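Colleague: Structure: coords.txt, compact mmCIF, C-alpha atoms and all ligand atoms.
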```txt
# COMPACT_ATOMS: atom_id res chain seq x y z
CA MET A 1 -4.13 -16.00 -24.37
CA LEU A 2 -4.46 -13.27 -27.01
CA SER A 3 -3.14 -9.81 -26.18
CA ASN A 4 -5.71 -7.01 -25.91
CA SER A 5 -4.71 -5.60 -29.29
CA GLU A 6 -4.91 -9.02 -31.00
CA PHE A 7 -8.33 -9.54 -29.41
CA THR A 8 -9.53 -6.20 -30.84
CA GLU A 9 -8.20 -7.06 -34.28
CA ARG A 10 -9.99 -10.42 -34.28
CA ILE A 11 -13.29 -8.86 -33.19
CA VAL A 12 -13.21 -6.09 -35.79
CA GLU A 13 -12.27 -8.60 -38.49
CA LYS A 14 -15.06 -10.99 -37.49
CA ALA A 15 -17.64 -8.18 -37.33
CA LYS A 16 -16.81 -7.21 -40.90
CA LEU A 17 -16.85 -10.82 -42.10
CA SER A 18 -20.28 -11.13 -40.50
CA GLY A 19 -21.64 -8.19 -42.52
CA ALA A 20 -20.75 -5.02 -40.59
CA SER A 21 -19.52 -2.14 -42.75
CA ILE A 22 -17.44 -0.77 -39.86
CA ALA A 23 -16.64 -1.85 -36.31
CA GLY A 24 -14.67 -0.62 -33.33
CA VAL A 25 -14.22 -1.01 -29.59
CA ALA A 26 -14.51 1.46 -26.70
CA ASN A 27 -14.03 1.36 -22.97
CA VAL A 28 -17.12 1.29 -20.72
CA GLU A 29 -15.63 3.45 -17.93
CA SER A 30 -14.90 6.28 -20.40
CA LEU A 31 -18.31 5.92 -21.96
CA LYS A 32 -20.06 6.31 -18.61
CA VAL A 33 -18.93 9.97 -18.57
CA SER A 34 -19.54 10.75 -22.26
CA PRO A 35 -21.61 13.86 -23.14
CA SER A 36 -24.92 11.99 -23.61
CA HIS A 37 -24.50 10.15 -20.31
CA LEU A 38 -23.84 13.41 -18.51
CA ILE A 39 -26.76 15.28 -20.02
CA TYR A 40 -29.44 12.59 -19.96
CA PRO A 41 -30.28 12.67 -16.23
CA LYS A 42 -30.60 16.47 -16.53
CA ILE A 43 -32.92 16.56 -19.55
CA GLY A 44 -34.70 13.20 -19.29
CA MET A 45 -36.12 11.09 -22.09
CA ASN A 46 -39.38 12.90 -22.84
CA LEU A 47 -39.41 13.84 -26.51
CA GLU A 48 -42.76 15.61 -26.31
CA ALA A 49 -41.78 18.65 -24.25
CA HIS A 50 -38.77 20.89 -23.90
CA TRP A 51 -36.54 19.83 -20.97
CA GLU A 52 -36.82 23.16 -19.14
CA ASN A 53 -40.61 22.75 -18.92
CA LEU A 54 -40.45 19.30 -17.32
CA LYS A 55 -40.68 18.58 -13.61
CA ASP A 56 -37.48 17.09 -12.16
CA ASP A 57 -39.12 13.82 -11.15
CA THR A 58 -40.03 13.10 -14.78
CA LYS A 59 -36.43 13.46 -15.92
CA THR A 60 -35.50 9.90 -15.14
CA GLY A 61 -33.19 8.34 -17.64
CA GLU A 62 -29.93 6.58 -17.11
CA VAL A 63 -28.17 3.75 -18.83
CA THR A 64 -28.31 0.48 -16.91
CA TRP A 65 -24.86 -1.06 -17.17
CA PRO A 66 -24.30 -4.70 -16.21
CA PRO A 67 -21.76 -4.53 -13.34
CA ASP A 68 -19.20 -6.72 -15.12
CA ALA A 69 -19.25 -4.84 -18.45
CA VAL A 70 -15.75 -3.62 -19.32
CA SER A 71 -15.69 -3.01 -23.07
CA VAL A 72 -18.17 -2.21 -25.80
CA VAL A 73 -18.05 -3.41 -29.40
CA VAL A 74 -19.83 -1.06 -31.81
CA ILE A 75 -20.87 -2.25 -35.24
CA GLY A 76 -22.18 -0.06 -38.05
CA VAL A 77 -24.07 -0.96 -41.21
CA GLU A 78 -24.23 1.42 -44.15
CA HIS A 79 -27.69 2.80 -44.93
CA ASN A 80 -27.03 3.98 -48.44
CA ALA A 81 -29.49 6.47 -49.98
CA ASP A 82 -29.98 3.94 -52.80
CA LYS A 83 -31.51 1.49 -50.33
CA PRO A 84 -34.04 3.66 -48.47
CA GLU A 85 -36.10 0.62 -47.50
CA LEU A 86 -33.42 -0.37 -44.95
CA ASP A 87 -34.74 2.50 -42.84
CA TRP A 88 -38.50 1.99 -43.26
CA PHE A 89 -40.26 1.13 -40.02
CA ASP A 90 -42.83 -1.61 -40.57
CA GLY A 91 -44.49 -1.84 -37.16
CA LYS A 92 -41.85 -4.13 -35.63
CA GLY A 93 -38.60 -2.49 -36.62
CA THR A 94 -36.65 -1.70 -39.77
CA PRO A 95 -34.96 -4.13 -42.19
CA GLY A 96 -31.65 -2.37 -41.48
CA ASN A 97 -31.99 -2.87 -37.74
CA ARG A 98 -32.75 -6.55 -38.31
CA VAL A 99 -29.50 -6.86 -40.26
CA LEU A 100 -27.69 -5.32 -37.28
CA ILE A 101 -29.43 -7.68 -34.86
CA ARG A 102 -28.34 -10.70 -36.93
CA ILE A 103 -24.70 -9.54 -37.10
CA ASN A 104 -24.67 -8.79 -33.37
CA LYS A 105 -26.04 -12.26 -32.56
CA LYS A 106 -23.47 -14.01 -34.74
CA LEU A 107 -20.62 -11.92 -33.35
CA SER A 108 -21.68 -12.39 -29.74
CA GLU A 109 -21.95 -16.20 -30.15
CA TRP A 110 -18.52 -16.30 -31.78
CA ILE A 111 -16.90 -14.22 -29.03
CA GLU A 112 -18.46 -16.37 -26.29
CA ASN A 113 -17.55 -19.68 -27.96
CA THR A 114 -14.05 -18.74 -29.12
CA PHE A 115 -12.78 -16.73 -26.15
CA SER A 116 -15.09 -17.71 -23.25
CA VAL A 117 -15.92 -14.04 -22.77
CA LYS A 118 -19.36 -13.05 -21.47
CA THR A 119 -21.32 -10.79 -23.82
CA TYR A 120 -24.47 -8.68 -23.58
CA LYS A 121 -26.33 -7.96 -26.82
CA LEU A 122 -27.89 -4.56 -26.26
CA PRO A 123 -31.36 -3.40 -27.34
CA TYR A 124 -32.06 -0.19 -29.25
CA PHE A 125 -33.76 2.07 -26.70
CA ILE A 126 -31.99 3.50 -23.65
CA GLU A 127 -35.00 2.86 -21.41
CA LYS A 128 -34.89 -0.83 -22.38
CA GLY A 129 -31.22 -1.29 -21.53
CA GLY A 130 -29.54 0.21 -24.59
CA ILE A 131 -26.61 2.64 -24.57
CA PHE A 132 -25.94 5.93 -26.37
CA LEU A 133 -24.75 4.49 -29.64
CA LYS A 134 -23.43 7.72 -31.17
CA ASP A 135 -21.13 8.40 -28.21
CA ALA A 136 -20.01 4.77 -28.28
CA ALA A 137 -19.30 4.94 -32.03
CA VAL A 138 -17.28 8.15 -31.68
CA MET A 139 -15.29 6.76 -28.77
CA ALA A 140 -14.64 3.58 -30.73
CA GLY A 141 -13.05 5.67 -33.48
CA LEU A 142 -15.76 5.19 -36.10
CA GLY A 143 -16.39 8.89 -36.77
CA CYS A 144 -17.18 12.27 -35.20
CA ILE A 145 -20.39 14.08 -34.30
CA GLY A 146 -21.34 16.40 -37.15
CA LYS A 147 -23.31 19.63 -37.18
CA ASN A 148 -26.38 17.54 -38.00
CA ASN A 149 -25.97 15.83 -34.59
CA LEU A 150 -25.21 12.49 -36.26
CA VAL A 151 -22.05 10.40 -36.35
CA ILE A 152 -20.20 11.22 -39.56
CA THR A 153 -17.97 8.39 -40.69
CA PRO A 154 -15.16 8.91 -43.23
CA GLU A 155 -16.46 5.97 -45.29
CA TYR A 156 -20.24 6.55 -45.39
CA GLY A 157 -20.82 10.01 -43.93
CA PRO A 158 -23.80 9.86 -41.53
CA ARG A 159 -25.54 7.13 -43.55
CA VAL A 160 -24.76 4.38 -41.04
CA ARG A 161 -26.81 2.69 -38.28
CA PHE A 162 -25.25 1.26 -35.14
CA ARG A 163 -25.66 -1.48 -32.59
CA SER A 164 -23.45 -2.77 -29.79
CA ILE A 165 -22.32 -5.63 -27.57
CA LEU A 166 -20.82 -5.37 -24.10
CA LEU A 167 -17.94 -7.64 -23.02
CA ASN A 168 -16.64 -8.57 -19.59
CA ARG A 169 -13.06 -8.50 -20.89
CA GLU A 170 -10.66 -5.66 -21.47
CA VAL A 171 -9.67 -4.91 -25.07
CA GLU A 172 -7.48 -2.36 -26.77
CA VAL A 173 -9.64 0.61 -27.69
CA THR A 174 -9.84 1.64 -31.34
CA GLU A 175 -8.94 5.27 -30.64
CA PRO A 176 -11.14 8.29 -31.61
CA LEU A 177 -10.37 9.78 -35.04
CA GLU A 178 -8.83 13.13 -35.90
CA PHE A 179 -11.64 13.91 -38.32
CA ASN A 180 -13.74 17.06 -38.63
CA PRO A 181 -15.40 17.44 -42.02
CA CYS A 182 -17.78 20.11 -40.67
CA GLU A 183 -15.02 22.67 -40.20
CA ASP A 184 -15.07 24.06 -43.74
CA CYS A 185 -18.55 22.96 -44.72
CA ILE A 186 -21.44 25.30 -45.60
CA GLN A 187 -23.80 23.07 -43.57
CA PRO A 188 -26.37 21.85 -46.08
CA CYS A 189 -27.49 19.45 -43.34
CA ARG A 190 -28.84 22.21 -41.11
CA LYS A 191 -30.41 24.11 -44.00
CA ALA A 192 -32.21 20.97 -45.19
CA CYS A 193 -34.23 20.49 -42.02
CA PRO A 194 -37.93 20.99 -42.87
CA VAL A 195 -38.81 22.00 -39.29
CA LYS A 196 -35.78 24.18 -38.59
CA ALA A 197 -34.61 21.98 -35.74
CA PHE A 198 -31.16 23.64 -35.75
CA GLN A 199 -32.28 27.25 -35.69
CA ASN A 200 -32.13 28.20 -32.01
CA THR A 201 -30.06 27.43 -28.94
CA VAL A 202 -32.10 24.90 -26.99
CA TYR A 203 -29.42 23.77 -24.51
CA SER A 204 -26.92 26.15 -22.98
CA GLU A 205 -23.61 25.45 -21.31
CA GLU A 206 -24.52 27.70 -18.38
CA ALA A 207 -27.80 25.94 -17.64
CA LEU A 208 -26.50 22.40 -18.07
CA GLY A 209 -22.92 22.68 -16.88
CA GLN A 210 -21.37 20.99 -19.89
CA SER A 211 -20.04 22.34 -23.16
CA ILE A 212 -20.69 19.37 -25.48
CA LEU A 213 -24.39 19.47 -26.20
CA PRO A 214 -27.01 18.10 -28.65
CA GLY A 215 -26.05 19.41 -32.09
CA ILE A 216 -22.55 20.00 -30.58
CA ASN A 217 -23.37 23.58 -29.51
CA GLY A 218 -26.89 23.02 -28.16
CA THR A 219 -28.86 23.90 -31.29
CA TYR A 220 -30.46 20.53 -32.05
CA ASN A 221 -34.12 20.58 -30.97
CA ARG A 222 -35.25 16.99 -30.39
CA VAL A 223 -38.86 18.02 -29.67
CA THR A 224 -39.27 19.69 -33.06
CA CYS A 225 -37.49 16.84 -34.82
CA ASN A 226 -39.68 14.31 -33.05
CA MET A 227 -42.81 16.15 -34.16
CA ARG A 228 -41.66 15.60 -37.72
CA MET A 229 -41.18 11.90 -36.94
CA LYS A 230 -44.73 11.69 -35.62
CA LYS A 231 -46.01 13.24 -38.86
CA ALA A 232 -44.28 10.43 -40.75
CA ILE A 233 -46.13 7.89 -38.59
CA GLU A 234 -49.47 9.61 -39.21
CA LYS A 235 -48.78 9.56 -42.93
CA ALA A 236 -48.04 5.85 -42.90
CA VAL A 237 -51.12 5.07 -40.81
CA ASP A 238 -53.34 7.15 -43.08
CA VAL A 239 -52.70 5.00 -46.12
CA ILE A 240 -54.13 1.91 -44.41
CA PRO A 241 -57.89 1.75 -44.84
CA VAL A 242 -58.80 0.37 -41.40
CA SER A 243 -60.97 1.12 -38.40
CA ASP A 244 -59.92 3.58 -35.69
CA LYS A 245 -58.97 0.78 -33.31
CA GLU A 246 -56.42 -0.64 -35.69
CA HIS A 247 -54.98 2.83 -36.24
CA GLN A 248 -54.49 3.09 -32.51
CA ASP A 249 -52.85 -0.32 -32.27
CA ILE A 250 -50.33 0.58 -34.91
CA LYS A 251 -49.42 3.83 -33.20
CA LEU A 252 -48.87 1.97 -29.95
CA THR A 253 -46.23 -0.25 -31.49
CA ILE A 254 -43.97 2.63 -32.36
CA ASN A 255 -42.19 2.20 -29.04
CA ALA A 256 -42.07 -1.56 -29.32
CA PHE A 257 -39.57 -1.17 -32.17
CA GLU A 258 -37.87 -4.55 -32.10
CA ASP A 259 -39.76 -6.52 -29.52
CA GLY A 260 -41.47 -8.69 -32.11
CA VAL A 261 -44.70 -7.38 -30.61
CA ALA A 262 -48.06 -8.99 -31.15
CA SER A 263 -48.49 -7.71 -34.66
CA PRO A 264 -50.77 -4.73 -35.08
CA LEU A 265 -50.92 -5.43 -38.76
CA ILE A 266 -54.16 -7.31 -38.41
CA ASP A 267 -55.41 -8.43 -41.81
CA HIS A 268 -52.64 -6.52 -43.52
CA LYS A 269 -49.35 -7.45 -45.06
CA GLU A 270 -46.35 -5.87 -43.34
CA SER A 271 -45.50 -4.01 -46.52
CA ASP A 272 -48.77 -2.06 -46.26
CA TYR A 273 -47.46 -0.15 -43.29
CA SER A 274 -44.19 1.64 -43.71
CA VAL A 275 -43.02 4.74 -41.87
CA LYS A 276 -40.49 6.70 -43.88
CA TYR A 277 -38.80 8.80 -41.23
CA CYS A 278 -37.17 12.09 -42.15
CA ARG A 279 -33.48 11.79 -43.07
CA ARG A 280 -32.88 15.17 -44.67
CA CYS A 281 -30.07 16.29 -42.36
CA GLU A 282 -28.45 12.94 -43.03
CA LEU A 283 -28.92 12.60 -46.80
CA SER A 284 -27.79 16.17 -47.55
CA CYS A 285 -24.34 15.63 -46.00
CA PRO A 286 -21.71 15.26 -48.77
CA VAL A 287 -19.24 13.24 -46.68
CA GLY A 288 -18.68 9.66 -47.84
CA LYS A 289 -20.75 9.97 -51.02
C1 LIG A 301 -34.25 8.74 -29.07
C2 LIG A 301 -33.62 8.76 -30.47
C3 LIG A 301 -34.14 9.65 -31.39
C4 LIG A 301 -35.15 10.72 -30.99
C5 LIG A 301 -34.44 11.84 -30.20
C6 LIG A 301 -33.10 12.21 -30.79
C7 LIG A 301 -32.11 12.93 -29.85
N1 LIG A 301 -30.92 13.07 -30.32
O1 LIG A 301 -32.42 13.31 -28.75
C8 LIG A 301 -35.73 11.13 -32.39
C9 LIG A 301 -36.94 10.25 -32.68
C10 LIG A 301 -36.13 12.60 -32.54
C11 LIG A 301 -34.58 10.71 -33.31
C12 LIG A 301 -34.35 11.24 -34.56
C13 LIG A 301 -33.36 10.75 -35.43
N2 LIG A 301 -32.61 9.65 -35.26
CO1 LIG A 301 -32.43 8.73 -33.58
N3 LIG A 301 -32.09 7.77 -32.00
C14 LIG A 301 -32.56 7.88 -30.80
C15 LIG A 301 -31.83 6.91 -29.85
C16 LIG A 301 -32.75 5.75 -29.51
C17 LIG A 301 -31.32 7.58 -28.55
C18 LIG A 301 -30.66 8.94 -28.80
C19 LIG A 301 -30.59 9.80 -27.56
O2 LIG A 301 -31.53 9.87 -26.79
N4 LIG A 301 -29.48 10.48 -27.34
C20 LIG A 301 -29.25 11.32 -26.18
C21 LIG A 301 -29.35 12.80 -26.52
C22 LIG A 301 -29.40 13.63 -25.27
O3 LIG A 301 -28.18 13.13 -27.18
P1 LIG A 301 -28.06 13.91 -28.54
O4 LIG A 301 -29.14 14.88 -28.77
O5 LIG A 301 -27.92 12.90 -29.61
O6 LIG A 301 -26.71 14.75 -28.38
C23 LIG A 301 -25.53 14.16 -27.92
C24 LIG A 301 -24.48 13.82 -28.98
O7 LIG A 301 -24.58 14.63 -30.11
C25 LIG A 301 -23.21 13.92 -28.16
N5 LIG A 301 -22.04 14.59 -28.69
C26 LIG A 301 -21.93 15.79 -29.29
N6 LIG A 301 -20.64 16.05 -29.56
C27 LIG A 301 -19.92 14.99 -29.10
C28 LIG A 301 -18.54 14.74 -29.12
C29 LIG A 301 -18.07 13.53 -28.58
C30 LIG A 301 -16.57 13.27 -28.57
C31 LIG A 301 -18.97 12.58 -28.06
C32 LIG A 301 -18.47 11.28 -27.50
C33 LIG A 301 -20.37 12.85 -28.05
C34 LIG A 301 -20.79 14.06 -28.56
O8 LIG A 301 -23.50 14.71 -27.01
C35 LIG A 301 -24.83 15.16 -27.04
C36 LIG A 301 -25.34 15.26 -25.65
O9 LIG A 301 -24.68 16.25 -24.94
C37 LIG A 301 -30.59 6.47 -30.73
C38 LIG A 301 -30.17 4.99 -30.54
C39 LIG A 301 -29.29 4.84 -29.34
N7 LIG A 301 -29.56 3.84 -28.54
O10 LIG A 301 -28.37 5.63 -29.14
C40 LIG A 301 -31.07 6.74 -32.18
C41 LIG A 301 -30.05 7.26 -33.20
C42 LIG A 301 -29.24 8.37 -32.56
N8 LIG A 301 -30.90 7.84 -34.24
C43 LIG A 301 -30.42 7.74 -35.43
C44 LIG A 301 -31.01 8.34 -36.58
C45 LIG A 301 -30.42 7.94 -37.92
C46 LIG A 301 -32.05 9.28 -36.47
C47 LIG A 301 -32.73 10.09 -37.58
C48 LIG A 301 -31.94 10.44 -38.86
C49 LIG A 301 -34.09 9.45 -37.95
C50 LIG A 301 -34.01 8.20 -38.79
N9 LIG A 301 -34.34 8.25 -40.07
O11 LIG A 301 -33.63 7.16 -38.27
C51 LIG A 301 -33.10 11.38 -36.78
C52 LIG A 301 -31.90 12.36 -36.72
C53 LIG A 301 -32.03 13.44 -35.72
C54 LIG A 301 -30.73 14.20 -35.50
N10 LIG A 301 -30.30 15.02 -36.44
O12 LIG A 301 -30.08 14.03 -34.44
C55 LIG A 301 -29.12 6.91 -35.44
C56 LIG A 301 -27.90 7.81 -35.69
C57 LIG A 301 -26.89 7.23 -36.66
C58 LIG A 301 -25.74 8.18 -36.89
N11 LIG A 301 -25.09 8.06 -38.04
O13 LIG A 301 -25.40 8.99 -36.06
C59 LIG A 301 -29.16 6.25 -33.99
C60 LIG A 301 -27.79 6.04 -33.35
C61 LIG A 301 -29.85 4.89 -34.17
C62 LIG A 301 -29.05 3.82 -34.92
N12 LIG A 301 -29.64 2.67 -35.11
O14 LIG A 301 -27.96 3.90 -35.35
N13 LIG A 301 -33.79 9.75 -32.71
S1 LIG A 302 -23.28 18.62 -44.16
FE1 LIG A 302 -22.04 17.03 -43.12
S2 LIG A 302 -19.94 17.85 -43.15
FE2 LIG A 302 -21.31 19.56 -43.60
S3 LIG A 302 -21.69 20.54 -41.62
FE3 LIG A 302 -23.33 19.06 -41.95
S4 LIG A 302 -22.64 17.18 -40.97
FE4 LIG A 302 -20.85 18.50 -41.21
S1 LIG A 303 -34.32 14.16 -39.06
FE1 LIG A 303 -35.45 15.69 -40.31
S2 LIG A 303 -36.63 16.85 -38.80
FE2 LIG A 303 -35.04 15.78 -37.66
S3 LIG A 303 -33.34 17.23 -37.54
FE3 LIG A 303 -32.98 15.94 -39.34
S4 LIG A 303 -33.88 17.09 -41.04
FE4 LIG A 303 -34.72 17.97 -39.15
```
Show this structure as structure tokens.
Ligand code: B12
Ligand code: SF4
Ligand code: SF4

Modeller:
Amino acid sequence: MLSNSEFTERIVEKAKLSGASIAGVANVESLKVSPSHLIYPKIGMNLEAHWENLKDDTKTGEVTWPPDAVSVVVIGVEHNADKPELDWFDGKGTPGNRVLIRINKKLSEWIENTFSVKTYKLPYFIEKGGIFLKDAAVMAGLGCIGKNNLVITPEYGPRVRFRSILLNREVEVTEPLEFNPCEDCIQPCRKACPVKAFQNTVYSEEALGQSILPGINGTYNRVTCNMRMKKAIEKAVDVIPVSDKEHQDIKLTINAFEDGVASPLIDHKESDYSVKYCRRCELSCPVGK
């Protein structure tokens, strides 16, 4: 039987051969107490209203871990600024996310067939069984959280998208990096935000009982950022000359993301509908360019 470190090496190598730009492995027990896991039950998943204004019973939101999950493989695919279409949401998902899904499938089949290890291919959204991918990526040594609240990788800066697989076998963790490019940076990422999502303290250590917060120090405002995302959807919907009903159908699919939903793109080619989400805090970061 392979040692844990040999197993890790083989997985990372195979992930890259299958198309991942970067890959690493973290431990599930450590991840269960990562900053996002600790904060999520306190702030909930509602992106429409500020957490302090929500009733406690609406703040549901926890990761559902399969009981036998021991390790997590995180894969990342570069989303270079030269290929913006990788990030365009077409009503069912994004081309970049489909690339990640394909790599994950191939990798999971290979792990199961080669090592007889059980795998779980995880979906994107937390409420559908996904995990906090940024925490997982940081703990798998792929990068650090930057002042733009994104994972900054040495190779590609924040211009990377992630996906993961759980395993029922122990592996050697690819340890977190000693990497902090934000230390001496003048923060173009925060200045670039069109809705000033990093301007105020939205989460405080005193109120939440933890010091690692969204935007590192609690200044990332997900409600404001999400409003900007909704504007991008409106913009994409507006260019389609259809009846009100079809507009509604398209908006409904935004949460379906990768379900392969009954297509809302009735009588329209997929390319007609394309949401170009804001990436300014990401694209303005100089790391990895
Ligand atoms: C819901 C969601 C959104 C929501 C809400 C975002 C939010 N952060 O709350 C909206 C729609 C607004 C959004 C916006 C964006 N998103 Co988004 N989103 C998600 C999703 C599905 C869950 C994120 C979540 O709820 N996190 C929990 C909240 C509470 O945590 P948080 O605010 O991020 O803050 C935590 C971390 O920063 C962490 N942290 C801070 N310091 C440290 C230090 C250590 C050591 C560790 C371990 C953790 C840690 O602790 C904080 C909590 O205390 C993930 C996919 C996934 N399954 O993880 C993608 C994801 C985070 N999004 C992503 C992206 C790219 C974006 C956008 C650029 C839009 C776009 N074009 O895709 C913007 C960027 C906004 C920003 N600057 O953060 C990528 C990030 C990639 C990367 N390089 O980091 C992800 C991982 C998706 C992917 N496929 O890879 N998103
Ligand atoms: S631009 Fe990049 S390196 Fe600079 S503070 Fe922002 S995330 Fe950090
Ligand atoms: S994705 Fe856009 S709106 Fe959201 S924080 Fe970044 S720059 Fe601001």

Colleague: Measuring atom to atom with only C-alpha atoms and all ligand atoms, identify which of A:Leu283, A:Leu213, A:Ala197, A:Ala232 is nearest to ligand LIG 303 (chain A).

Modeller: A:Ala197

Colleague: Which residue out of A:Cys144, A:Val237, A:Cys185, A:Ile212 has the minimum interatomic distance to ligand LIG 302 (chain A) when all atoms listed in the file are used?

Modeller: A:Cys185

Colleague: Counting all atoms listed in the file, which protein, DNA or RNA residues come within 7 Å of ligand LIG 301 (chain A), given as an MDAnalysis selection string?

Modeller: chainID A and resid 34:36 39:40 45 47 87 97 124:126 130:136 138:139 144:145 148:152 158:163 212:216 220 222:223 225:226 229 277:279 281:282

Colleague: Centre and edge lengths of an axis-aligned box around all listed atoms of ligand LIG 302 (chain A), with 5 Å added on each side, are to be given in Å to one decimal, as JSON.

Modeller:
```
{"center_x": -21.6, "center_y": 18.8, "center_z": -42.6, "size_x": 13.4, "size_y": 13.5, "size_z": 13.2}
```

Colleague: Return the single residue from A:Val74, A:Met227, A:Val202, A:Ala69 that is closest to Glu48 of chain A, with distances computed using all atoms listed in the file.

Modeller: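 Under the stated criterion, the closest residue is A:Met227.
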
Colleague: With distances taken over only C-alpha atoms and all ligand atoms, which residue among A:Lys196, A:Lys231, A:Lys276, A:Lys92 lies nearest ligand LIG 303 (chain A)?

Modeller: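 For ligand LIG 303 (chain A), the nearest of the given residues is A:Lys196.
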
Colleague: If we count only C-alpha atoms, what is near Ala236 of chain A at a cut-off of 7 Å, once residues fewer than 5 positions away on the same chain are taken out, given as a PyMOL selection string?

Modeller: chain A and resi 273-275

Colleague: Measuring atom to atom with all atoms listed in the file, identify which of A:Trp51, A:Trp65, A:Tyr203, A:Phe7 is nearest to Glu127 of chain A.

Modeller: A:Trp65

Colleague: Distance atom CA of Val70 of chain A-atom CA of Lys14 of chain A, one decimal place?

Modeller: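 Between atom CA of Val70 of chain A and atom CA of Lys14 of chain A the gap is 19.6 Å.
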
Colleague: Can you measure atom CA of Leu38 of chain A to atom CA of Ala192 of chain A for me? One decimal in Å is fine.

Modeller: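 About the pair atom CA of Leu38 of chain A and atom CA of Ala192 of chain A: they are 29.0 Å apart.
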
Colleague: Would you compute the distance between atom CA of Ala26 of chain A and atom CA of Asn80 of chain A? Give it in Å to one decimal.

Modeller: 25.2 Å

Colleague: Go through A:Ala49, A:Leu208, A:Leu2, A:Val117 one by one, measure the shortest atom-to-atom distance of each to Arg169 of chain A using only C-alpha atoms, and give the residue with the smallest value.

Modeller: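 Nearest to Arg169 of chain A: A:Val117.
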
Colleague: List all protein, DNA and RNA residues that have at least one atom no more than 6 Å from any atom of ligand LIG 302 (chain A), counting only C-alpha atoms and all ligand atoms, and write them as a PDB file with C-alpha atoms, keeping the file's coordinate frame.

Modeller:
```pdb
ATOM      1  CA  GLY A 146     -21.340  16.400 -37.150  1.00  0.00           C
ATOM      2  CA  LYS A 147     -23.310  19.630 -37.180  1.00  0.00           C
ATOM      3  CA  ASN A 148     -26.380  17.540 -38.000  1.00  0.00           C
ATOM      4  CA  PRO A 181     -15.400  17.440 -42.020  1.00  0.00           C
ATOM      5  CA  CYS A 182     -17.780  20.110 -40.670  1.00  0.00           C
ATOM      6  CA  CYS A 185     -18.550  22.960 -44.720  1.00  0.00           C
ATOM      7  CA  GLN A 187     -23.800  23.070 -43.570  1.00  0.00           C
ATOM      8  CA  PRO A 188     -26.370  21.850 -46.080  1.00  0.00           C
ATOM      9  CA  CYS A 189     -27.490  19.450 -43.340  1.00  0.00           C
ATOM     10  CA  CYS A 285     -24.340  15.630 -46.000  1.00  0.00           C
ATOM     11  CA  PRO A 286     -21.710  15.260 -48.770  1.00  0.00           C
ATOM     12  CA  VAL A 287     -19.240  13.240 -46.680  1.00  0.00           C
TER      13      VAL A 287
END
```

Colleague: Rebuild segment 100-109 of chain A so that it carries N, CA, C and O atoms, then output the result as a short mmCIF file (atom, residue, chain, number, x, y, z; two decimals), keeping the file's coordinate frame.

Modeller:
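Final output, part.cif:
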```cif
data_model
loop_
_atom_site.label_atom_id
_atom_site.label_comp_id
_atom_site.auth_asym_id
_atom_site.auth_seq_id
_atom_site.Cartn_x
_atom_site.Cartn_y
_atom_site.Cartn_z
N LEU A 100 -28.59 -5.56 -38.42
CA LEU A 100 -27.69 -5.32 -37.28
C LEU A 100 -27.89 -6.35 -36.17
O LEU A 100 -26.93 -6.84 -35.58
N ILE A 101 -29.14 -6.69 -35.91
CA ILE A 101 -29.43 -7.68 -34.86
C ILE A 101 -28.79 -9.03 -35.22
O ILE A 101 -28.19 -9.69 -34.38
N ARG A 102 -28.90 -9.41 -36.49
CA ARG A 102 -28.34 -10.70 -36.93
C ARG A 102 -26.81 -10.71 -36.78
O ARG A 102 -26.22 -11.67 -36.29
N ILE A 103 -26.18 -9.60 -37.20
CA ILE A 103 -24.70 -9.54 -37.10
C ILE A 103 -24.29 -9.60 -35.63
O ILE A 103 -23.36 -10.32 -35.24
N ASN A 104 -25.00 -8.83 -34.80
CA ASN A 104 -24.67 -8.79 -33.37
C ASN A 104 -24.78 -10.18 -32.74
O ASN A 104 -23.95 -10.58 -31.93
N LYS A 105 -25.80 -10.92 -33.13
CA LYS A 105 -26.04 -12.26 -32.56
C LYS A 105 -24.88 -13.19 -32.94
O LYS A 105 -24.29 -13.87 -32.10
N LYS A 106 -24.54 -13.15 -34.24
CA LYS A 106 -23.47 -14.01 -34.74
C LYS A 106 -22.14 -13.66 -34.04
O LYS A 106 -21.41 -14.55 -33.57
N LEU A 107 -21.88 -12.38 -33.94
CA LEU A 107 -20.62 -11.92 -33.35
C LEU A 107 -20.56 -12.29 -31.87
O LEU A 107 -19.53 -12.77 -31.37
N SER A 108 -21.67 -12.09 -31.18
CA SER A 108 -21.68 -12.39 -29.74
C SER A 108 -21.47 -13.89 -29.49
O SER A 108 -20.70 -14.28 -28.61
N GLU A 109 -22.12 -14.74 -30.32
CA GLU A 109 -21.95 -16.20 -30.15
C GLU A 109 -20.49 -16.59 -30.40
O GLU A 109 -19.91 -17.39 -29.67
#
```
